[in-house]
$ cat final.txt   # compact mmCIF, C-alpha atoms
# COMPACT_ATOMS: atom_id res chain seq x y z
CA MET A 1 116.54 124.39 108.43
CA GLU A 2 116.90 125.31 112.09
CA PHE A 3 114.40 122.60 113.06
CA TRP A 4 116.46 119.96 111.26
CA ASN A 5 119.59 121.18 113.05
CA LEU A 6 117.77 120.82 116.35
CA LEU A 7 116.54 117.38 115.36
CA GLU A 8 120.07 116.33 114.44
CA ALA A 9 121.41 117.64 117.77
CA ALA A 10 118.65 115.80 119.65
CA GLY A 11 119.43 112.57 117.82
CA LEU A 12 123.16 112.82 118.49
CA SER A 13 122.53 113.65 122.17
CA LEU A 14 120.18 110.68 122.48
CA LEU A 15 122.76 108.33 120.98
CA PHE A 16 125.52 109.73 123.20
CA LEU A 17 123.47 109.34 126.39
CA MET A 18 122.41 105.83 125.41
CA ALA A 19 126.04 104.88 124.73
CA VAL A 20 127.08 106.18 128.16
CA PHE A 21 124.23 105.21 130.45
CA VAL A 22 122.68 102.04 129.03
CA PRO A 23 125.87 99.97 129.55
CA MET A 24 126.34 101.53 132.99
CA GLU A 25 122.78 100.62 133.99
CA ASN A 26 123.32 97.06 132.76
CA VAL A 27 126.60 96.57 134.63
CA PHE A 28 125.71 98.41 137.88
CA PRO A 29 121.90 98.24 138.06
CA ALA A 30 120.02 99.63 141.04
CA LYS A 31 117.01 97.54 140.04
CA ALA A 32 118.34 94.54 138.10
CA GLN A 33 114.90 93.49 136.84
CA GLN A 34 114.24 96.82 135.10
CA LYS A 35 114.43 96.66 131.31
CA VAL A 36 115.75 99.37 128.99
CA LEU A 37 112.32 99.66 127.37
CA ARG A 38 110.51 99.76 130.70
CA PRO A 39 106.91 101.01 131.11
CA HIS A 40 106.27 104.61 130.04
CA TRP A 41 109.60 105.00 128.23
CA VAL A 42 107.75 106.56 125.28
CA LEU A 43 106.38 109.29 127.56
CA ASP A 44 109.87 110.13 128.81
CA LEU A 45 111.18 110.10 125.24
CA CYS A 46 108.52 112.71 124.44
CA PHE A 47 109.85 114.87 127.27
CA PHE A 48 113.40 114.39 125.98
CA LEU A 49 112.43 115.49 122.47
CA GLY A 50 110.28 118.30 123.84
CA GLN A 51 113.24 119.73 125.74
CA TYR A 52 115.46 119.71 122.66
CA LEU A 53 112.94 120.68 119.97
CA LEU A 54 110.46 122.93 121.79
CA TRP A 55 111.23 124.06 125.30
CA GLY A 56 115.02 124.45 125.34
CA GLY A 57 114.75 127.78 123.54
CA LEU A 58 112.13 129.01 126.01
CA VAL A 59 114.35 128.13 128.98
CA LEU A 60 117.38 129.87 127.43
CA TRP A 61 115.30 132.95 126.64
CA ALA A 62 114.05 133.11 130.22
CA LEU A 63 117.58 132.74 131.58
CA SER A 64 118.83 135.49 129.29
CA TYR A 65 115.94 137.76 130.26
CA PHE A 66 116.46 137.34 133.99
CA SER A 67 120.22 137.64 133.58
CA ASP A 68 119.84 141.01 131.86
CA TYR A 69 117.28 142.11 134.46
CA LEU A 70 119.43 141.17 137.46
CA THR A 71 122.59 142.69 136.05
CA THR A 72 120.76 146.02 135.69
CA ILE A 73 119.20 146.16 139.17
CA ILE A 74 122.37 145.08 141.01
CA PRO A 75 124.63 148.14 141.53
CA ALA A 76 127.61 148.09 139.17
CA GLU A 77 129.95 148.93 142.06
CA PHE A 78 128.83 145.80 143.94
CA GLN A 79 129.30 143.62 140.85
CA LEU A 80 132.76 145.11 140.31
CA LEU A 81 133.66 144.37 143.93
CA LEU A 82 132.66 140.73 143.48
CA ARG A 83 134.46 140.41 140.15
CA ASN A 84 137.66 141.80 141.62
CA GLN A 85 137.89 138.84 143.98
CA ALA A 86 140.20 135.95 143.15
CA TRP A 87 138.61 133.64 140.58
CA TRP A 88 138.76 130.65 142.93
CA LEU A 89 136.90 132.61 145.61
CA GLN A 90 134.21 133.59 143.09
CA ALA A 91 133.91 129.93 142.03
CA ILE A 92 133.46 128.78 145.64
CA GLU A 93 130.86 131.49 146.29
CA VAL A 94 128.89 130.59 143.19
CA ILE A 95 128.93 126.82 143.94
CA VAL A 96 128.02 127.19 147.62
CA LEU A 97 125.33 129.80 147.03
CA SER A 98 123.90 127.80 144.10
CA ASP A 99 123.62 124.69 146.26
CA LEU A 100 122.01 126.73 149.05
CA PHE A 101 119.49 128.38 146.70
CA ILE A 102 118.55 125.17 144.91
CA TYR A 103 118.24 123.28 148.19
CA TRP A 104 115.65 125.68 149.59
CA GLY A 105 114.05 126.25 146.21
CA HIS A 106 113.68 122.49 145.74
CA ARG A 107 112.34 122.06 149.24
CA LEU A 108 109.72 124.74 148.50
CA GLN A 109 108.72 122.83 145.35
CA HIS A 110 107.64 120.00 147.64
CA LYS A 111 105.97 122.22 150.26
CA VAL A 112 104.19 124.94 148.25
CA GLY A 113 101.13 123.71 146.35
CA PHE A 114 101.57 126.02 143.35
CA LEU A 115 105.18 124.94 142.81
CA TRP A 116 104.33 121.28 143.41
CA ARG A 117 101.72 121.19 140.65
CA PHE A 118 104.57 121.71 138.14
CA HIS A 119 107.27 119.78 139.98
CA LYS A 120 105.12 116.67 140.39
CA VAL A 121 105.40 116.15 136.63
CA HIS A 122 109.00 115.17 137.33
CA HIS A 123 108.07 113.02 140.32
CA SER A 124 105.31 111.21 138.46
CA ALA A 125 107.94 108.89 136.93
CA GLU A 126 107.40 105.39 138.35
CA HIS A 127 110.67 104.06 136.90
CA LEU A 128 113.97 105.90 137.19
CA ASP A 129 116.74 105.79 134.61
CA TRP A 130 118.73 108.22 132.46
CA LEU A 131 115.70 108.92 130.25
CA ALA A 132 113.33 109.63 133.17
CA ALA A 133 115.58 112.54 134.18
CA HIS A 134 114.11 114.50 131.25
CA ARG A 135 110.54 114.30 132.53
CA GLU A 136 110.22 117.93 133.60
CA HIS A 137 107.69 120.68 132.92
CA PRO A 138 109.36 123.63 131.12
CA LEU A 139 108.13 126.12 133.74
CA ASP A 140 109.65 123.91 136.41
CA SER A 141 112.91 123.89 134.41
CA ILE A 142 112.98 127.70 134.27
CA TYR A 143 112.47 127.88 138.03
CA THR A 144 115.17 125.30 138.80
CA ILE A 145 117.84 126.47 136.34
CA GLY A 146 117.17 130.08 137.30
CA LEU A 147 117.80 129.33 140.98
CA ILE A 148 120.95 127.35 140.24
CA ASN A 149 122.42 130.24 138.27
CA LEU A 150 121.10 133.09 140.41
CA PRO A 151 124.40 133.73 142.26
CA ALA A 152 126.29 133.91 138.94
CA PHE A 153 123.65 136.31 137.59
CA ILE A 154 124.07 138.55 140.63
CA ILE A 155 127.85 138.61 140.22
CA GLY A 156 127.25 139.51 136.60
CA PHE A 157 128.72 136.56 134.74
CA PRO A 158 127.55 136.49 131.10
CA LEU A 159 125.25 133.63 130.11
CA GLU A 160 127.95 132.23 127.80
CA THR A 161 130.27 131.77 130.79
CA LEU A 162 127.66 129.63 132.50
CA ALA A 163 127.25 127.22 129.56
CA GLY A 164 129.81 124.75 130.92
CA VAL A 165 128.29 124.78 134.40
CA VAL A 166 124.79 124.28 133.00
CA ALA A 167 126.01 121.37 130.84
CA PHE A 168 127.78 119.72 133.78
CA ARG A 169 124.75 120.01 136.05
CA GLY A 170 122.60 118.60 133.24
CA ILE A 171 124.78 115.50 132.89
CA TRP A 172 124.90 115.17 136.68
CA ALA A 173 121.10 115.29 136.87
CA ILE A 174 120.89 112.48 134.31
CA TYR A 175 123.43 110.42 136.27
CA ILE A 176 121.67 110.68 139.64
CA HIS A 177 118.38 109.59 138.04
CA SER A 178 119.96 106.64 136.23
CA ASN A 179 119.19 103.05 137.21
CA VAL A 180 122.67 102.76 138.71
CA ARG A 181 123.90 101.89 142.18
CA LEU A 182 127.57 102.59 142.86
CA PRO A 183 127.88 102.98 146.66
CA LEU A 184 130.53 105.53 147.62
CA GLY A 185 130.76 104.65 151.29
CA PRO A 186 131.51 107.66 153.52
CA LEU A 187 132.11 109.82 150.40
CA ARG A 188 128.37 109.83 149.73
CA MET A 189 128.09 112.52 152.45
CA LEU A 190 130.16 114.83 150.24
CA ILE A 191 129.23 113.78 146.72
CA GLY A 192 125.71 113.16 145.48
CA ALA A 193 124.87 109.78 143.95
CA PRO A 194 121.91 107.92 142.42
CA GLU A 195 121.37 106.04 145.68
CA LEU A 196 120.62 109.38 147.39
CA HIS A 197 118.39 110.84 144.69
CA HIS A 198 116.43 107.63 144.26
CA TRP A 199 115.21 108.04 147.83
CA HIS A 200 114.16 111.59 147.00
CA HIS A 201 111.85 110.01 144.39
CA ASP A 202 110.24 107.70 146.93
CA LEU A 203 106.42 107.78 147.07
CA ASP A 204 106.73 109.94 150.20
CA ARG A 205 106.57 113.53 148.92
CA ASP A 206 108.68 114.72 151.88
CA ALA A 207 111.30 111.96 151.76
CA GLY A 208 114.25 114.42 151.80
CA ASN A 209 117.54 114.70 149.84
CA TYR A 210 116.74 118.05 148.20
CA ALA A 211 120.36 119.05 147.50
CA ASN A 212 121.81 119.10 144.01
CA ILE A 213 125.46 118.11 143.57
CA SER A 214 126.60 117.72 147.18
CA PRO A 215 124.31 116.45 149.99
CA LEU A 216 125.94 118.81 152.52
CA MET A 217 122.89 121.09 152.62
CA ASP A 218 120.68 118.09 153.46
CA ILE A 219 123.07 117.11 156.24
CA ILE A 220 123.16 120.67 157.62
CA PHE A 221 119.38 121.13 157.55
CA GLY A 222 118.43 117.60 158.65
CA THR A 223 116.89 116.19 155.47
CA TYR A 224 119.61 113.67 154.54
CA ILE A 225 118.56 110.03 154.19
CA CYS A 226 120.26 107.06 152.57
CA PRO A 227 119.14 103.55 153.57
CA ASP A 228 121.25 100.68 152.26
CA LYS A 229 118.56 99.59 149.82
CA GLU A 230 116.48 100.98 146.97
CA PRO A 231 112.97 102.37 147.53
CA GLU A 232 110.25 99.87 146.75
CA ARG A 233 108.31 102.30 144.57
CA PHE A 234 108.82 105.64 142.84
CA GLY A 235 106.19 108.17 141.82
CA ILE A 236 103.46 110.20 143.48
CA LYS A 237 100.38 109.21 145.46
CA GLU A 238 98.11 111.62 143.57
CA GLU A 239 96.13 110.82 140.44
CA PHE A 240 97.89 112.46 137.51
CA PRO A 241 97.69 112.24 133.70
CA LYS A 242 99.96 109.67 132.05
CA SER A 243 100.12 111.32 128.62
CA TYR A 244 102.58 113.99 127.46
CA VAL A 245 99.89 116.52 126.58
CA GLY A 246 98.11 115.84 129.87
CA GLN A 247 101.24 116.36 131.95
CA MET A 248 102.04 119.57 130.08
CA LEU A 249 98.55 121.05 130.39
CA ALA A 250 97.21 119.77 133.73
CA PRO A 251 99.50 121.98 135.90
CA VAL A 252 98.48 125.19 134.10
CA LEU A 253 94.73 124.44 134.08
CA PRO A 254 92.35 124.78 137.04
CA ASP A 255 92.06 121.62 139.13
CA GLY A 256 89.92 118.96 137.51
CA THR A 257 89.85 120.65 134.08
CA TRP A 258 92.11 118.11 132.38
CA ASP A 259 90.06 115.25 133.85
CA LYS A 260 86.96 116.71 132.20
CA ILE A 261 88.81 117.08 128.89
CA GLU A 262 89.96 113.47 129.07
CA GLU A 263 86.46 112.31 129.88
CA LYS A 264 85.07 114.13 126.83
CA MET A 265 87.82 112.65 124.67
CA LYS A 266 86.94 109.14 125.88
CA ASN A 267 83.24 109.70 125.23
CA THR A 268 83.93 110.88 121.67
CA GLY A 269 86.69 108.34 121.04
CA VAL A 270 89.29 111.04 120.38
CA GLY A 271 92.80 110.01 121.45
CA THR A 272 91.58 106.80 123.08
CA LYS A 273 93.75 104.48 120.99
CA ALA A 274 96.89 106.59 121.53
CA ASN A 275 96.30 106.80 125.28
CA LYS A 276 95.85 103.02 125.53
CA GLU A 277 99.04 102.34 123.59
CA GLN A 278 101.03 104.78 125.72
CA SER A 279 99.69 103.33 128.96
CA LYS A 280 100.77 99.84 127.86
CA GLU A 281 104.28 101.10 127.21
$ encode --input "final.txt" --output "structure tokens"
Amino acid sequence: MEFWNLLEAAGLSLLFLMAVFVPMENVFPAKAQQKVLRPHWVLDLCFFLGQYLLWGGLVLWALSYFSDYLTTIIPAEFQLLLRNQAWWLQAIEVIVLSDLFIYWGHRLQHKVGFLWRFHKVHHSAEHLDWLAAHREHPLDSIYTIGLINLPAFIIGFPLETLAGVVAFRGIWAIYIHSNVRLPLGPLRMLIGAPELHHWHHDLDRDAGNYANISPLMDIIFGTYICPDKEPERFGIKEEFPKSYVGQMLAPVLPDGTWDKIEEKMKNTGVGTKANKEQSKE
């Protein structure tokens, strides 16, 4: 019964996001020639369904586990001191520290090989839109969401209190990946926008724009870029699997292992038809 509830929630979420973002992408397209059913949309749909039906529970469990762990190792007196501050001051601290943590954590994902092998799943998308935002390895999701919420964990906020913040950041992440271009002028130096994040997904692994909601951290640390045009190409320069199973398994296997598995599958004919159909889409 629980599975059917999850499936219903996934279906309703999919319809809601389509109703919001598909018209927006048609009216304000960043790449006007891009179709709704663009190449590899089935792969990104698999990631969407995987998040809702399989990996969402794992991410929530990990957040709950680390939340309990951090609230026990941080002295209760320190937590009480933080909680006794005015609510608006706590909110500012959480937002600023979250942006600082995710900025450097995201930058490390592009610099450290071990972190990149999971994060490049997300960057392997060659077409950006609202659906491509869901292309993310679950271990990468745990790392990212954990960093975003680390300041709130330290202060001792319960996980339930963070639900609204997590939901907002989730919608924001979908928006900045969408095939939308709505130039904000000078405001784009304060508020993130698709035009900024699209350049982060440029083929250049070190293109910049690592910040989350506000680009201020990029401006402070010298990684802010925003040309007045869209990147010519998105994706990564490395060879990487183009199937859902391949992108889930390749990062956790020793280098070259998935290539050998694929080669054996091709030689035996296993999965060949499915892989060809997915590559066409």
$ residues_around --input "final.txt" --residues "Ile171 in chain A" --least-positions-apart "6" --cutoff "12 Å" --atoms "all atoms listed in the file" --output "mmCIF file with C-alpha atoms, in the coordinates of the input"
data_model
loop_
_atom_site.group_PDB
_atom_site.id
_atom_site.type_symbol
_atom_site.label_atom_id
_atom_site.label_comp_id
_atom_site.auth_asym_id
_atom_site.auth_seq_id
_atom_site.Cartn_x
_atom_site.Cartn_y
_atom_site.Cartn_z
ATOM 1 C CA SER A 13 122.530 113.650 122.170
ATOM 2 C CA PHE A 16 125.520 109.730 123.200
ATOM 3 C CA LEU A 17 123.470 109.340 126.390
ATOM 4 C CA VAL A 20 127.080 106.180 128.160
ATOM 5 C CA PHE A 21 124.230 105.210 130.450
ATOM 6 C CA TRP A 130 118.730 108.220 132.460
ATOM 7 C CA LEU A 131 115.700 108.920 130.250
ATOM 8 C CA ALA A 133 115.580 112.540 134.180
ATOM 9 C CA HIS A 134 114.110 114.500 131.250
ATOM 10 C CA GLY A 164 129.810 124.750 130.920
ATOM 11 C CA VAL A 165 128.290 124.780 134.400
ATOM 12 C CA HIS A 177 118.380 109.590 138.040
ATOM 13 C CA SER A 178 119.960 106.640 136.230
ATOM 14 C CA ILE A 213 125.460 118.110 143.570
#
$ atom_distance --input "final.txt" --atom1 "CA of Gly57 in chain A" --atom2 "CA of Leu15 in chain A"
21.2 Å
$ closest_residue --input "final.txt" --among "A:His127, A:His197, A:Arg205, A:Arg181" --to "Phe234 in chain A" --atoms "only C-alpha atoms"
A:His127
$ atom_distance --input "final.txt" --atom1 "CA of Leu63 in chain A" --atom2 "CA of Gly105 in chain A"
16.4 Å
$ closest_residue --input "final.txt" --among "A:Lys229, A:Asp140, A:Ala10, A:Leu100" --to "Trp116 in chain A" --atoms "all atoms listed in the file"
A:Asp140
$ closest_residue --input "final.txt" --among "A:Leu190, A:Leu203, A:Ala211, A:Ala132" --to "Ile102 in chain A" --atoms "all atoms listed in the file"
A:Ala211
$ closest_residue --input "final.txt" --among "A:Arg169, A:Ser214, A:Ile176, A:Met248" --to "Cys46 in chain A" --atoms "all atoms listed in the file"
A:Met248
$ residues_around --input "final.txt" --residues "Phe153 in chain A" --least-positions-apart "6" --cutoff "7 Å" --atoms "all atoms listed in the file" --output "number ranges by chain"
A: 67, 70-71
$ closest_residue --input "final.txt" --among "A:Leu14, A:Val42, A:Met189, A:Leu150" --to "Tyr69 in chain A" --atoms "all atoms listed in the file"
A:Leu150
$ atom_distance --input "final.txt" --atom1 "CA of Tyr103 in chain A" --atom2 "CA of Tyr210 in chain A"
5.4 Å
$ closest_residue --input "final.txt" --among "A:Ile145, A:Ile154, A:Pro183, A:Gly235" --to "Ala167 in chain A" --atoms "only C-alpha atoms"
A:Ile145
$ residues_around --input "final.txt" --residues "Pro138 in chain A" --least-positions-apart "3" --cutoff "10 Å" --atoms "only C-alpha atoms" --output "VMD selection string"
chain A and resid 47 50 to 51 54 to 56 58 to 59 118 to 119 135 141 to 144 248
$ residues_near_point --input "final.txt" --point "(132.0, 122.0, 143.9)" --cutoff "10 Å" --atoms "only C-alpha atoms" --output "MDAnalysis selection string"
chainID A and resid 91:96 98:99 190:191 213:214
$ write_last_selection --input "final.txt" --atoms "C-alpha atoms" --output "compact mmCIF listing (two decimals), in the frame of the given file"
# COMPACT_ATOMS: atom_id res chain seq x y z
CA ALA A 91 133.91 129.93 142.03
CA ILE A 92 133.46 128.78 145.64
CA GLU A 93 130.86 131.49 146.29
CA VAL A 94 128.89 130.59 143.19
CA ILE A 95 128.93 126.82 143.94
CA VAL A 96 128.02 127.19 147.62
CA SER A 98 123.90 127.80 144.10
CA ASP A 99 123.62 124.69 146.26
CA LEU A 190 130.16 114.83 150.24
CA ILE A 191 129.23 113.78 146.72
CA ILE A 213 125.46 118.11 143.57
CA SER A 214 126.60 117.72 147.18
$ decode --input "final.txt" --residues "range 218-231 of chain A" --atoms "all heavy atoms" --output "PDB file, in the first residue's frame"
ATOM      1  N   ASP A 218      29.885  33.278  -4.847  1.00  0.00           N
ATOM      2  CA  ASP A 218      30.692  33.250  -6.074  1.00  0.00           C
ATOM      3  C   ASP A 218      31.359  34.596  -6.308  1.00  0.00           C
ATOM      4  O   ASP A 218      32.519  34.663  -6.740  1.00  0.00           O
ATOM      5  CB  ASP A 218      29.824  32.881  -7.281  1.00  0.00           C
ATOM      6  CG  ASP A 218      29.519  31.400  -7.358  1.00  0.00           C
ATOM      7  OD1 ASP A 218      30.476  30.613  -7.474  1.00  0.00           O
ATOM      8  OD2 ASP A 218      28.336  31.037  -7.288  1.00  0.00           O
ATOM      9  N   ILE A 219      30.633  35.670  -6.040  1.00  0.00           N
ATOM     10  CA  ILE A 219      31.193  37.011  -6.214  1.00  0.00           C
ATOM     11  C   ILE A 219      32.331  37.237  -5.229  1.00  0.00           C
ATOM     12  O   ILE A 219      33.401  37.734  -5.591  1.00  0.00           O
ATOM     13  CB  ILE A 219      30.093  38.075  -6.034  1.00  0.00           C
ATOM     14  CG1 ILE A 219      29.057  37.950  -7.162  1.00  0.00           C
ATOM     15  CG2 ILE A 219      30.684  39.477  -6.009  1.00  0.00           C
ATOM     16  CD1 ILE A 219      27.833  38.804  -6.975  1.00  0.00           C
ATOM     17  N   ILE A 220      32.129  36.828  -3.975  1.00  0.00           N
ATOM     18  CA  ILE A 220      33.144  37.023  -2.927  1.00  0.00           C
ATOM     19  C   ILE A 220      34.413  36.237  -3.246  1.00  0.00           C
ATOM     20  O   ILE A 220      35.531  36.746  -3.093  1.00  0.00           O
ATOM     21  CB  ILE A 220      32.583  36.615  -1.553  1.00  0.00           C
ATOM     22  CG1 ILE A 220      31.486  37.595  -1.118  1.00  0.00           C
ATOM     23  CG2 ILE A 220      33.692  36.570  -0.499  1.00  0.00           C
ATOM     24  CD1 ILE A 220      30.721  37.147   0.114  1.00  0.00           C
ATOM     25  N   PHE A 221      34.237  34.995  -3.704  1.00  0.00           N
ATOM     26  CA  PHE A 221      35.398  34.116  -3.891  1.00  0.00           C
ATOM     27  C   PHE A 221      35.866  34.031  -5.349  1.00  0.00           C
ATOM     28  O   PHE A 221      36.693  33.185  -5.699  1.00  0.00           O
ATOM     29  CB  PHE A 221      35.090  32.717  -3.352  1.00  0.00           C
ATOM     30  CG  PHE A 221      34.843  32.686  -1.871  1.00  0.00           C
ATOM     31  CD1 PHE A 221      33.573  32.450  -1.350  1.00  0.00           C
ATOM     32  CD2 PHE A 221      35.880  32.927  -0.979  1.00  0.00           C
ATOM     33  CE1 PHE A 221      33.345  32.430   0.012  1.00  0.00           C
ATOM     34  CE2 PHE A 221      35.665  32.911   0.391  1.00  0.00           C
ATOM     35  CZ  PHE A 221      34.394  32.678   0.893  1.00  0.00           C
ATOM     36  N   GLY A 222      35.337  34.903  -6.209  1.00  0.00           N
ATOM     37  CA  GLY A 222      35.876  35.040  -7.559  1.00  0.00           C
ATOM     38  C   GLY A 222      35.501  33.971  -8.549  1.00  0.00           C
ATOM     39  O   GLY A 222      36.241  33.730  -9.514  1.00  0.00           O
ATOM     40  N   THR A 223      34.344  33.318  -8.375  1.00  0.00           N
ATOM     41  CA  THR A 223      33.947  32.270  -9.317  1.00  0.00           C
ATOM     42  C   THR A 223      32.633  32.603 -10.020  1.00  0.00           C
ATOM     43  O   THR A 223      31.980  31.726 -10.584  1.00  0.00           O
ATOM     44  CB  THR A 223      33.796  30.918  -8.587  1.00  0.00           C
ATOM     45  OG1 THR A 223      32.948  31.087  -7.435  1.00  0.00           O
ATOM     46  CG2 THR A 223      35.148  30.393  -8.148  1.00  0.00           C
ATOM     47  N   TYR A 224      32.250  33.872  -9.999  1.00  0.00           N
ATOM     48  CA  TYR A 224      30.994  34.309 -10.619  1.00  0.00           C
ATOM     49  C   TYR A 224      31.202  34.586 -12.098  1.00  0.00           C
ATOM     50  O   TYR A 224      32.129  35.306 -12.481  1.00  0.00           O
ATOM     51  CB  TYR A 224      30.496  35.578  -9.924  1.00  0.00           C
ATOM     52  CG  TYR A 224      29.263  36.196 -10.546  1.00  0.00           C
ATOM     53  CD1 TYR A 224      27.998  35.784 -10.160  1.00  0.00           C
ATOM     54  CD2 TYR A 224      29.371  37.201 -11.518  1.00  0.00           C
ATOM     55  CE1 TYR A 224      26.858  36.361 -10.710  1.00  0.00           C
ATOM     56  CE2 TYR A 224      28.237  37.780 -12.072  1.00  0.00           C
ATOM     57  CZ  TYR A 224      26.982  37.356 -11.663  1.00  0.00           C
ATOM     58  OH  TYR A 224      25.865  37.925 -12.212  1.00  0.00           O
ATOM     59  N   ILE A 225      30.355  33.991 -12.939  1.00  0.00           N
ATOM     60  CA  ILE A 225      30.377  34.282 -14.376  1.00  0.00           C
ATOM     61  C   ILE A 225      28.939  34.358 -14.874  1.00  0.00           C
ATOM     62  O   ILE A 225      28.070  33.639 -14.389  1.00  0.00           O
ATOM     63  CB  ILE A 225      31.149  33.228 -15.199  1.00  0.00           C
ATOM     64  CG1 ILE A 225      30.510  31.841 -15.053  1.00  0.00           C
ATOM     65  CG2 ILE A 225      32.618  33.181 -14.815  1.00  0.00           C
ATOM     66  CD1 ILE A 225      30.967  30.852 -16.094  1.00  0.00           C
ATOM     67  N   CYS A 226      28.690  35.220 -15.834  1.00  0.00           N
ATOM     68  CA  CYS A 226      27.364  35.267 -16.446  1.00  0.00           C
ATOM     69  C   CYS A 226      27.406  36.017 -17.770  1.00  0.00           C
ATOM     70  O   CYS A 226      26.998  37.182 -17.851  1.00  0.00           O
ATOM     71  CB  CYS A 226      26.340  35.894 -15.512  1.00  0.00           C
ATOM     72  SG  CYS A 226      24.641  35.680 -16.108  1.00  0.00           S
ATOM     73  N   PRO A 227      27.906  35.376 -18.828  1.00  0.00           N
ATOM     74  CA  PRO A 227      27.871  36.004 -20.152  1.00  0.00           C
ATOM     75  C   PRO A 227      26.416  36.222 -20.593  1.00  0.00           C
ATOM     76  O   PRO A 227      25.502  35.558 -20.105  1.00  0.00           O
ATOM     77  CB  PRO A 227      28.570  34.976 -21.048  1.00  0.00           C
ATOM     78  CG  PRO A 227      29.382  34.143 -20.103  1.00  0.00           C
ATOM     79  CD  PRO A 227      28.597  34.084 -18.839  1.00  0.00           C
ATOM     80  N   ASP A 228      26.235  37.130 -21.527  1.00  0.00           N
ATOM     81  CA  ASP A 228      24.884  37.450 -22.000  1.00  0.00           C
ATOM     82  C   ASP A 228      24.429  36.500 -23.102  1.00  0.00           C
ATOM     83  O   ASP A 228      23.828  36.924 -24.105  1.00  0.00           O
ATOM     84  CB  ASP A 228      24.828  38.905 -22.492  1.00  0.00           C
ATOM     85  CG  ASP A 228      24.968  39.895 -21.348  1.00  0.00           C
ATOM     86  OD1 ASP A 228      24.458  39.600 -20.254  1.00  0.00           O
ATOM     87  OD2 ASP A 228      25.597  40.946 -21.556  1.00  0.00           O
ATOM     88  N   LYS A 229      24.718  35.252 -22.955  1.00  0.00           N
ATOM     89  CA  LYS A 229      24.277  34.230 -23.901  1.00  0.00           C
ATOM     90  C   LYS A 229      24.275  32.889 -23.188  1.00  0.00           C
ATOM     91  O   LYS A 229      24.799  32.754 -22.075  1.00  0.00           O
ATOM     92  CB  LYS A 229      25.210  34.164 -25.111  1.00  0.00           C
ATOM     93  CG  LYS A 229      26.650  33.808 -24.744  1.00  0.00           C
ATOM     94  CD  LYS A 229      27.533  33.698 -25.976  1.00  0.00           C
ATOM     95  CE  LYS A 229      28.960  33.289 -25.576  1.00  0.00           C
ATOM     96  NZ  LYS A 229      29.832  33.125 -26.757  1.00  0.00           N
ATOM     97  N   GLU A 230      23.676  31.897 -23.819  1.00  0.00           N
ATOM     98  CA  GLU A 230      23.647  30.547 -23.268  1.00  0.00           C
ATOM     99  C   GLU A 230      24.913  29.787 -23.680  1.00  0.00           C
ATOM    100  O   GLU A 230      25.478  30.064 -24.751  1.00  0.00           O
ATOM    101  CB  GLU A 230      22.426  29.790 -23.787  1.00  0.00           C
ATOM    102  CG  GLU A 230      21.116  30.194 -23.154  1.00  0.00           C
ATOM    103  CD  GLU A 230      20.998  29.713 -21.725  1.00  0.00           C
ATOM    104  OE1 GLU A 230      21.127  28.513 -21.466  1.00  0.00           O
ATOM    105  OE2 GLU A 230      20.763  30.569 -20.841  1.00  0.00           O
ATOM    106  N   PRO A 231      25.361  28.846 -22.858  1.00  0.00           N
ATOM    107  CA  PRO A 231      26.481  27.989 -23.285  1.00  0.00           C
ATOM    108  C   PRO A 231      26.103  27.203 -24.543  1.00  0.00           C
ATOM    109  O   PRO A 231      24.935  26.879 -24.748  1.00  0.00           O
ATOM    110  CB  PRO A 231      26.668  27.038 -22.091  1.00  0.00           C
ATOM    111  CG  PRO A 231      26.022  27.725 -20.945  1.00  0.00           C
ATOM    112  CD  PRO A 231      24.894  28.518 -21.505  1.00  0.00           C
TER     113      PRO A 231
END
